[in-house]
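> Just passing along the structure, written as structure tokens.
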Amino acid sequence: MAKDTYFRKKTTLNARGTLIDLSTPKVMGIINLTPDSFYSQSRKPQVADALLQAEKMLADGAAFLDLGAYSSRPNAVDISAQEETDRLVPVVEAIAAAFPQAIMSVDTFRASVAEAAVTGGAHIINDISGGQLDDKMFETAARLQVPYILMHMRGTPQTMTQLTEYDDIFTEVFDYLQQKYAELKRLGVHDVILDPGFGFAKKSEQSYELLNRMHDFDMLGLPILVGVSRKRMIYNITGGTAADALNGTTVVNTIALTKGADILRVHDVKEAVEVVSIYNMLQQ
């Protein structure tokens with residue numbers, strides 16, 4: 001199916017009054033405010049380091065900054081909502097003050113953390129659990145009237161590697177996203193972005209099956225975020241570790257754009273922006 005042949009996707013987001021155009025793909029830079037995220041170079045737990053990283057990513061062309069204070073890598077240590085808030089909110093406030101034009105997404109599955117971050121200046125909620133781990137998340141997103149990134153996952157970061165059996169992975173992920181989107185829409189969330197959840201409760205081959213069928217998600221008419229940066233699905237093939245997976249990430253991001261990705265969530269903004277620039281040249 002050629003892109004947009006049958007289904008026209010939503011191409012704008014309203015991020016607290018800022019209209020974002022997704023008619024051409026955008027890049028989201030990852031800033032982890034954790035001591036234990038899977039890629040060590042992404043860890044910026046100190047406010048000063050996070051500010052420097054934000055400055056670099058914005059200069060390199062990031063349209064969004066995605067801030068996370070809870071590591072969602074497999075078997076990560078669980079932390080309290082208070083600790084997550086204490087890590088996250090000071091950085092959100094500092095970036096909002098230093099870079100008032102920056103559009104910030106907060107990577108959390110807790111409604112209370114999301115609300116504190118939005119109050120502090122964030123614009124988007126990025127929930128790996130699709131509302132499953134906090135039954136107040138959907139109503140919170142609706143009340144705050146911010147865009148919501150809806151991701152597919154099973155279980156928790158501590159249990160997801162044991163939950164990778166599917167009869168038909170595409171159909172099950174599609175049905176999950178469709179049902180959750182219907183619930184969000186009913187509550188009044190106007191801007192929803194889909195994330196198939198590459199690597200979350202999925203074996204590498206299952207993630208690639210979803211990647212290969214990404215155009216079929218266009219039936220939902222929503223923007224799609226792809227987060228494959230330096231993940232195991234890449235270095236399981238290429239060898240090495242997350243530190244060696246930049247080239248593979250660039251390859252998979254390029255494929256994702258040809259399959260309809262609207263947002264690339266990455267650790268390495270400059271390289272992803274270059275991918276988007278070359279891809280855009282081919283669309284002229």
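The way I read the labels, and the way they are meant: chains A, B, ... in the order of the structure tokens, residue 1 as the first residue of every chain, and ligand 1 as the first ligand shown, with later ones counted on from there.
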Residues of range 156-236 of chain A classed as helix (DSSP H, G or I) by DSSP on the backbone are to be reported as a PyMOL selection string.

chain A and resi 160-162+169-187+204-212+214-220+232-236

> Can you check which residues of range 151-235 of chain A DSSP gives as strand (DSSP E or B) on the backbone and send them as a list of chain:residue names?

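Going through range 151-235 of chain A, the strand (DSSP E or B) residues come out as A:Met151, A:Val192, A:Ile193, A:Leu194, A:Asp195, A:Ile224, A:Leu225, A:Val226.
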
> Just write the chosen residues, C-alpha atoms, as a PDB file, in the first residue's frame.


ATOM      1  CA  MET A 151       2.257   2.954  22.859  1.00  0.00           C
ATOM      2  CA  VAL A 192      -3.042  11.117  19.649  1.00  0.00           C
ATOM      3  CA  ILE A 193       0.217   9.741  18.249  1.00  0.00           C
ATOM      4  CA  LEU A 194       0.656   5.995  17.798  1.00  0.00           C
ATOM      5  CA  ASP A 195       3.782   4.074  18.813  1.00  0.00           C
ATOM      6  CA  ILE A 224       3.142   7.357  13.983  1.00  0.00           C
ATOM      7  CA  LEU A 225       6.175   7.621  16.219  1.00  0.00           C
ATOM      8  CA  VAL A 226       9.013   5.155  15.755  1.00  0.00           C
TER       9      VAL A 226
END

> In Å to one decimal, how far is CA of Val113 in chain A from CA of Glu93 in chain A?

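Those two atoms sit 13.6 Å apart.
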
> Using Å and a single decimal, report how far CA of Gly221 in chain A sits from CA of Leu67 in chain A.

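One can read the CA of Leu67 in chain A to CA of Gly221 in chain A distance as 26.3 Å.
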
> I'd like the neighbourhood of range 43-53 of chain A as a ChimeraX atom specification, where a residue qualifies if any of its atoms comes within 12 Å (using only C-alpha atoms), though same-chain residues fewer than 2 positions away should be ignored.

/A:29-41,55-60,62,65-71,84,86-99,102,267-269

> Could you state the separation of CA of His190 in chain A and CA of Leu13 in chain A in Å, given to one decimal place?

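Taking CA of His190 in chain A as the start and CA of Leu13 in chain A as the end point, the length is 8.7 Å.
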
> For Leu150 in chain A, work out the shell of residues within 12 Å, counting only C-alpha atoms and skipping chain neighbours fewer than 5 positions away, then give it as a PyMOL selection string.

chain A and resi 107-109+124-132+137-138+141+173-174+176-185+189+191-197+222-226

> Calculated over only C-alpha atoms, which of the candidates A:Glu165, A:Lys9, A:Thr254, A:Thr238 has the smallest distance to Asp218 in chain A?

A:Lys9

> Counting only C-alpha atoms, which residue out of A:Thr18, A:Thr156, A:Ser112, A:Ser229 sits closest to Thr249 in chain A?

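So, comparing all the options, the nearest one is A:Ser229.
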
> As a compact mmCIF listing (two decimals) with all heavy atoms, in the first residue's frame, please: the residues near Ile169 in chain A (cut-off 9 Å, only C-alpha atoms, same-chain neighbours under 5 positions excluded).


# COMPACT_ATOMS: atom_id res chain seq x y z
N PHE A 174 -2.54 -3.76 16.47
CA PHE A 174 -3.48 -2.84 15.81
C PHE A 174 -4.77 -2.75 16.62
O PHE A 174 -5.27 -1.64 16.87
CB PHE A 174 -3.78 -3.32 14.39
CG PHE A 174 -4.69 -2.39 13.62
CD1 PHE A 174 -4.17 -1.41 12.80
CD2 PHE A 174 -6.08 -2.50 13.71
CE1 PHE A 174 -4.99 -0.55 12.10
CE2 PHE A 174 -6.92 -1.64 13.02
CZ PHE A 174 -6.37 -0.66 12.21
N LYS A 202 8.23 -7.63 22.89
CA LYS A 202 8.33 -8.10 21.52
C LYS A 202 9.74 -8.62 21.25
O LYS A 202 10.72 -7.95 21.61
CB LYS A 202 8.01 -6.98 20.51
CG LYS A 202 6.60 -6.43 20.66
CD LYS A 202 6.41 -5.18 19.85
CE LYS A 202 5.06 -4.55 20.15
NZ LYS A 202 5.04 -3.89 21.50
N GLN A 206 9.60 -9.95 15.79
CA GLN A 206 8.25 -9.38 15.88
C GLN A 206 8.28 -7.88 15.64
O GLN A 206 7.40 -7.33 14.97
CB GLN A 206 7.65 -9.70 17.24
CG GLN A 206 7.41 -11.18 17.47
CD GLN A 206 7.11 -11.52 18.91
OE1 GLN A 206 7.56 -10.84 19.84
NE2 GLN A 206 6.34 -12.58 19.13
N GLU A 209 8.55 -7.36 11.99
CA GLU A 209 7.27 -7.61 11.31
C GLU A 209 6.36 -6.39 11.41
O GLU A 209 5.72 -6.00 10.43
CB GLU A 209 6.59 -8.83 11.93
CG GLU A 209 5.28 -9.19 11.24
CD GLU A 209 4.63 -10.45 11.78
OE1 GLU A 209 5.30 -11.21 12.53
OE2 GLU A 209 3.44 -10.68 11.46
N LEU A 210 6.33 -5.77 12.58
CA LEU A 210 5.54 -4.54 12.74
C LEU A 210 6.09 -3.41 11.87
O LEU A 210 5.33 -2.67 11.25
CB LEU A 210 5.52 -4.11 14.21
CG LEU A 210 4.73 -4.97 15.17
CD1 LEU A 210 4.92 -4.48 16.59
CD2 LEU A 210 3.23 -4.98 14.81
